[in-house]
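**Student:** The following block contains the structure, expressed as structure tokens.
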Amino acid sequence: MIELTLSLLLVVGAHGVGARLLPIMDDCAGDRLEAACFSLALGFGSLALIVFALGVTSLLYPPVLLCVTVGWFALGSAHSYRAIRELYSWLIGQKLLHFRSVYFWIVVVALAAMLLNCVQAMVPPHGATDPLAYHLALPKAFLRAHMLSFEPTINGALYPNNMGLLYVVAIALRNGIMAQTLHWLMGVLTCLSIFGFCRNFFSAKVGVWAAAVFSFVPVAVVFGRQGYVDVGLCFFQFCALWAVFRWARSPSHGALLIAVVLTGLAMGVKHQGLSTLLLGAAVVAVVSIRAHGFRRAAVQLSVFTGLSCLLLAPWYLRSFYFTGNPLWPLANDFFSGLPFGRPPLLLTGGPQQSQSVVSYLSAIFLPIEWLKSHWHSFSLWSWTFDPRGAQRWVGGYFLALLPGLAIYARHRRVWAVVGFCVAYYLILIRFLHMNPRYGIALLAFAAVLCGFVAEHLASCRVRVVGTVFKIAFVATCVLNLIWSYSQAGVVADVAFGSRSREDFLSKTESNYHLFKYINDNTPENSRVLFQGIVKGYYCERDYLWDHPFQSVLSYEDQDAESLMQRMRELGITHIARMINIPSTRLVLGYPQYFVDPLHEEFRKRFLILEYHDRGYALFSLRQPDEA
Amino acid sequence: LERAEQMSESNSSVESMPSRLIAEGVAGACLLLWVLFILYHYYVTMGFPALVNAVIGRGGA
């Protein structure tokens, strides 16, 4: 509960600081909820930028972070106090929140499900690979190094990572659980933003349906309660695109400035946030050309693109400083940056190793054959009924409700959102690996459209239609609540303290015992090479991956002697090895170490066994005189 | 003349009301059937009946 309380305090602080920053850019006094959502995004963005500054000046020490965070919180405390009082009086005055109203029960069930999801966020990070391998592991590595260090073997080491900077604060103040609860709160704030957006552009009732639909989207629920960054990205993206829509409705310099800053912050969360720039620029271009012609549109587009990229620039400069490639390891052939084993693909279905800009551009177009062969990976039908993993599990509401737009979408405003969603969907399937997890903001805007259809259906003049729909929707909400309850029940004992976190981790994390041994028994300046392991969050020592995609340590063309020489150059003192590498990793290029001739010879000549359990072994390297 | 025109317009809109209501009702009913079908199919496919049974069973136990 301490972690949740601290995360809530960060939210309050973010609002307070953002509320001080917002009037500098534009006057949002007309709509307090809109101002609150923008303030929250700006406040979190300001904290991330402060941590970035501390990181590049090698000041990432927990006491420094504590002092800075307290100062940051104090800066906006007066605004926060006022906002909490206003929120309370606003809630009391809401007519929708009457217990006879269906909206009341939808809100109650959605909030209950969110709280159950929070229970799952209140257990130590476990299970999923990405948070333990990099989303939470990198912030921990930064804290160990007291700076934004370059970890060349870890995936995404130099990617934009604003959420990671917030996780640095969370881990420094408390632990990974606080990072998870912060991420969960980002999901709650996204629901609030969806409600606010709908209230501005449609109606509060549409907002209730839309926020409820989004709160039950499985991909957002499953990843929101873990230490990923995707729901955080969604929150920043949604606020940024909301600001762009706000500017499109009533253009002004202030409105454009807010859109610019929020877009820059969204792009700084993750590379996938670049879609915000593409979509925002498209909206700015269309609106400007229609209103002022090409010349003025070019100016506004340049301002929007250029200034928002300024907020992203520190991340790319950092990457360029370390590797000579601002996007490292993406497009590494193009920038001739520090070699990387196997650079990730920029385009889905594009060239494996593109050598030129032309090959990238030619891959943007969608060939019919490609669409046919990949249909199963990006169709809404597949995402609904056969999602193949939580990443593509979007739930049933989108397929059920979106066709209703054909009946109810008559207003230009609705068609504008529809067109926007179609553009985002095309970006998702071509640039974002057809993976809904990388475009949860698309699902948030699609939820707005679902809310629009749901409200029309619920208020159908043939009353039986509306009544049956309301009953069916509430029933599905209850089913979703039961799902959250069943999942929370598994970990409730840990979340509420009746079972120790230590016991939980030792049962759920197979490498926890190994890392506990390393943390308790190896010198503080040890450097561990992970063989077959990537989830290093619980290792308190400096470490490297021997992931086949990196090029720091290669086993090609090596003998035992030269391998030992290379390991000494890298300062490696210990090797933590997975005993039996699963076939899924062998396919990626990992060796099966204990049957590989090179590694067996190396082990016999240079390694001393220090620890082993059923899954892992720890070796220390012989000193030169011992060898 | 103006009054007569107004009455005529009002009569025609009253006459079109039932047909609009019917059209809206039919469209709404068709959409409702689609929504019910998809949601039912979705929750069954995702194994919710077994989940509900398990939760109720656990509560009863």
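Here, A, B, ... name the chains of the structure tokens in the order displayed, residue numbers run from 1 inside each chain, and ligands are numbered from 1 in the same displayed order.
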Would you pick out the contacts of Ile38 (chain B) at 8 Å or less, using only C-alpha atoms, so that residues sharing its chain but fewer than 2 positions from it are not included, and give the list as JSON, numbers by chain?

**Tutor:** {"A": [396, 399, 400], "B": [34, 35, 36, 40, 41, 42]}

**Student:** Could you give me the residues within region 258-479 of chain A that DSSP places in helix (DSSP H, G or I), as a PyMOL selection string?

**Tutor:** chain A and resi 258-267+271-292+294-323+332-335+357-362+368-378+380-385+390-392+397-408+412-431+436-458+463-479

**Student:** Using only C-alpha atoms, determine which residues of chain A fall within 8 Å of chain B; present them as a JSON list (two decimals) with N, CA, C and O atoms, in the first residue's frame.

**Tutor:**
[["chain", "number", "residue", "atom", "x", "y", "z"],
["A", 384, "THR", "N", -9.90, -10.19, -31.98],
["A", 384, "THR", "CA", -11.00, -10.40, -31.04],
["A", 384, "THR", "C", -11.10, -11.87, -30.62],
["A", 384, "THR", "O", -11.15, -12.17, -29.43],
["A", 385, "PHE", "N", -11.12, -12.76, -31.62],
["A", 385, "PHE", "CA", -11.42, -14.16, -31.30],
["A", 385, "PHE", "C", -10.20, -15.07, -31.24],
["A", 385, "PHE", "O", -10.27, -16.15, -30.65],
["A", 395, "GLY", "N", -10.20, -7.54, -26.89],
["A", 395, "GLY", "CA", -11.53, -7.64, -26.29],
["A", 395, "GLY", "C", -12.62, -7.63, -27.34],
["A", 395, "GLY", "O", -12.35, -7.51, -28.55],
["A", 396, "GLY", "N", -13.87, -7.74, -26.89],
["A", 396, "GLY", "CA", -14.99, -7.92, -27.82],
["A", 396, "GLY", "C", -15.71, -6.65, -28.21],
["A", 396, "GLY", "O", -16.47, -6.62, -29.18],
["A", 397, "TYR", "N", -15.50, -5.55, -27.47],
["A", 397, "TYR", "CA", -16.32, -4.36, -27.69],
["A", 397, "TYR", "C", -16.10, -3.71, -29.06],
["A", 397, "TYR", "O", -17.03, -3.16, -29.65],
["A", 399, "LEU", "N", -15.18, -4.95, -32.08],
["A", 399, "LEU", "CA", -15.85, -5.63, -33.19],
["A", 399, "LEU", "C", -17.37, -5.53, -33.04],
["A", 399, "LEU", "O", -18.11, -5.44, -34.03],
["A", 400, "ALA", "N", -17.84, -5.52, -31.80],
["A", 400, "ALA", "CA", -19.29, -5.47, -31.58],
["A", 400, "ALA", "C", -19.87, -4.09, -31.91],
["A", 400, "ALA", "O", -20.93, -3.99, -32.51],
["A", 401, "LEU", "N", -19.16, -3.04, -31.51],
["A", 401, "LEU", "CA", -19.76, -1.71, -31.57],
["A", 401, "LEU", "C", -19.36, -0.87, -32.79],
["A", 401, "LEU", "O", -20.15, -0.06, -33.28],
["A", 403, "PRO", "N", -19.07, -1.38, -35.99],
["A", 403, "PRO", "CA", -19.93, -1.38, -37.18],
["A", 403, "PRO", "C", -21.13, -0.44, -37.04],
["A", 403, "PRO", "O", -21.69, 0.01, -38.04],
["A", 404, "GLY", "N", -21.51, -0.13, -35.81],
["A", 404, "GLY", "CA", -22.63, 0.78, -35.59],
["A", 404, "GLY", "C", -22.38, 2.18, -36.13],
["A", 404, "GLY", "O", -23.32, 2.97, -36.30],
["A", 407, "ILE", "N", -24.35, 3.28, -39.04],
["A", 407, "ILE", "CA", -25.72, 3.75, -38.82],
["A", 407, "ILE", "C", -25.73, 5.15, -38.19],
["A", 407, "ILE", "O", -26.50, 6.01, -38.60],
["A", 457, "LEU", "N", -27.07, 3.61, -29.18],
["A", 457, "LEU", "CA", -27.84, 2.36, -29.03],
["A", 457, "LEU", "C", -28.64, 2.37, -27.73],
["A", 457, "LEU", "O", -29.80, 1.96, -27.68],
["A", 460, "CYS", "N", -31.73, 4.54, -27.95],
["A", 460, "CYS", "CA", -32.58, 4.27, -29.11],
["A", 460, "CYS", "C", -34.05, 4.52, -28.74],
["A", 460, "CYS", "O", -34.49, 4.18, -27.64],
["A", 461, "ARG", "N", -34.77, 5.14, -29.67],
["A", 461, "ARG", "CA", -36.15, 5.50, -29.34],
["A", 461, "ARG", "C", -37.05, 4.26, -29.20],
["A", 461, "ARG", "O", -38.11, 4.34, -28.61],
["A", 462, "VAL", "N", -36.64, 3.15, -29.78],
["A", 462, "VAL", "CA", -37.34, 1.89, -29.50],
["A", 462, "VAL", "C", -36.76, 1.39, -28.17],
["A", 462, "VAL", "O", -35.65, 0.88, -28.13],
["A", 465, "VAL", "N", -34.77, -1.89, -27.35],
["A", 465, "VAL", "CA", -33.40, -2.02, -27.88],
["A", 465, "VAL", "C", -32.40, -1.45, -26.88],
["A", 465, "VAL", "O", -31.41, -2.09, -26.52],
["A", 469, "PHE", "N", -29.68, -3.56, -24.62],
["A", 469, "PHE", "CA", -28.26, -3.25, -24.78],
["A", 469, "PHE", "C", -27.62, -2.90, -23.44],
["A", 469, "PHE", "O", -26.53, -3.37, -23.12],
["A", 472, "ALA", "N", -27.12, -6.00, -21.43],
["A", 472, "ALA", "CA", -26.04, -6.82, -21.98],
["A", 472, "ALA", "C", -24.68, -6.20, -21.67],
["A", 472, "ALA", "O", -23.74, -6.90, -21.30],
["A", 476, "THR", "N", -21.61, -7.78, -19.44],
["A", 476, "THR", "CA", -20.22, -8.01, -19.88],
["A", 476, "THR", "C", -19.23, -7.33, -18.93],
["A", 476, "THR", "O", -18.14, -7.84, -18.69],
["A", 479, "LEU", "N", -18.75, -9.64, -16.17],
["A", 479, "LEU", "CA", -17.86, -10.74, -16.57],
["A", 479, "LEU", "C", -16.39, -10.30, -16.53],
["A", 479, "LEU", "O", -15.52, -11.03, -16.06],
["A", 482, "ILE", "N", -15.28, -10.23, -13.05],
["A", 482, "ILE", "CA", -15.00, -11.58, -12.54],
["A", 482, "ILE", "C", -13.61, -12.03, -13.01],
["A", 482, "ILE", "O", -12.85, -12.64, -12.25],
["A", 483, "TRP", "N", -13.27, -11.69, -14.24],
["A", 483, "TRP", "CA", -11.95, -12.04, -14.76],
["A", 483, "TRP", "C", -10.85, -11.37, -13.92],
["A", 483, "TRP", "O", -9.87, -12.01, -13.51],
["A", 486, "SER", "N", -10.67, -13.04, -10.54],
["A", 486, "SER", "CA", -10.01, -14.35, -10.54],
["A", 486, "SER", "C", -8.49, -14.19, -10.61],
["A", 486, "SER", "O", -7.74, -14.95, -9.99]]

**Student:** Residues within 12 Å of Thr5 (chain A), please, as a PDB file with C-alpha atoms, in the first residue's frame. Count only C-alpha atoms; anything in the same chain fewer than 6 positions from it doesn't count.

**Tutor:**
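Full text of around.pdb as output:
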ATOM      1  CA  VAL A  11       0.107  11.877  -9.618  1.00  0.00           C
ATOM      2  CA  VAL A  12      -0.941  14.715  -7.301  1.00  0.00           C
ATOM      3  CA  CYS A 118      -4.250  -2.626  -8.992  1.00  0.00           C
ATOM      4  CA  MET A 122       1.000  -4.496  -5.961  1.00  0.00           C
ATOM      5  CA  ALA A 170       9.845   4.986  -8.399  1.00  0.00           C
ATOM      6  CA  LEU A 173      12.049   6.066  -3.755  1.00  0.00           C
ATOM      7  CA  ARG A 174      10.751   2.568  -3.158  1.00  0.00           C
ATOM      8  CA  ILE A 177       6.097  -2.319  -7.279  1.00  0.00           C
ATOM      9  CA  MET A 178       5.842   1.462  -7.205  1.00  0.00           C
ATOM     10  CA  ALA A 179       6.810   1.521 -10.887  1.00  0.00           C
ATOM     11  CA  THR A 181       1.406   0.978  -9.634  1.00  0.00           C
ATOM     12  CA  LEU A 182       2.512   4.146 -11.424  1.00  0.00           C
ATOM     13  CA  LEU A 185      -2.323   4.730 -12.635  1.00  0.00           C
TER      14      LEU A 185
END

**Student:** What lies within 7 Å of region 603-619 of chain A using only C-alpha atoms, ignoring chain neighbours under 3 positions off, as a ChimeraX atom specification?

**Tutor:** /A:514,574-579,599-600,622,627
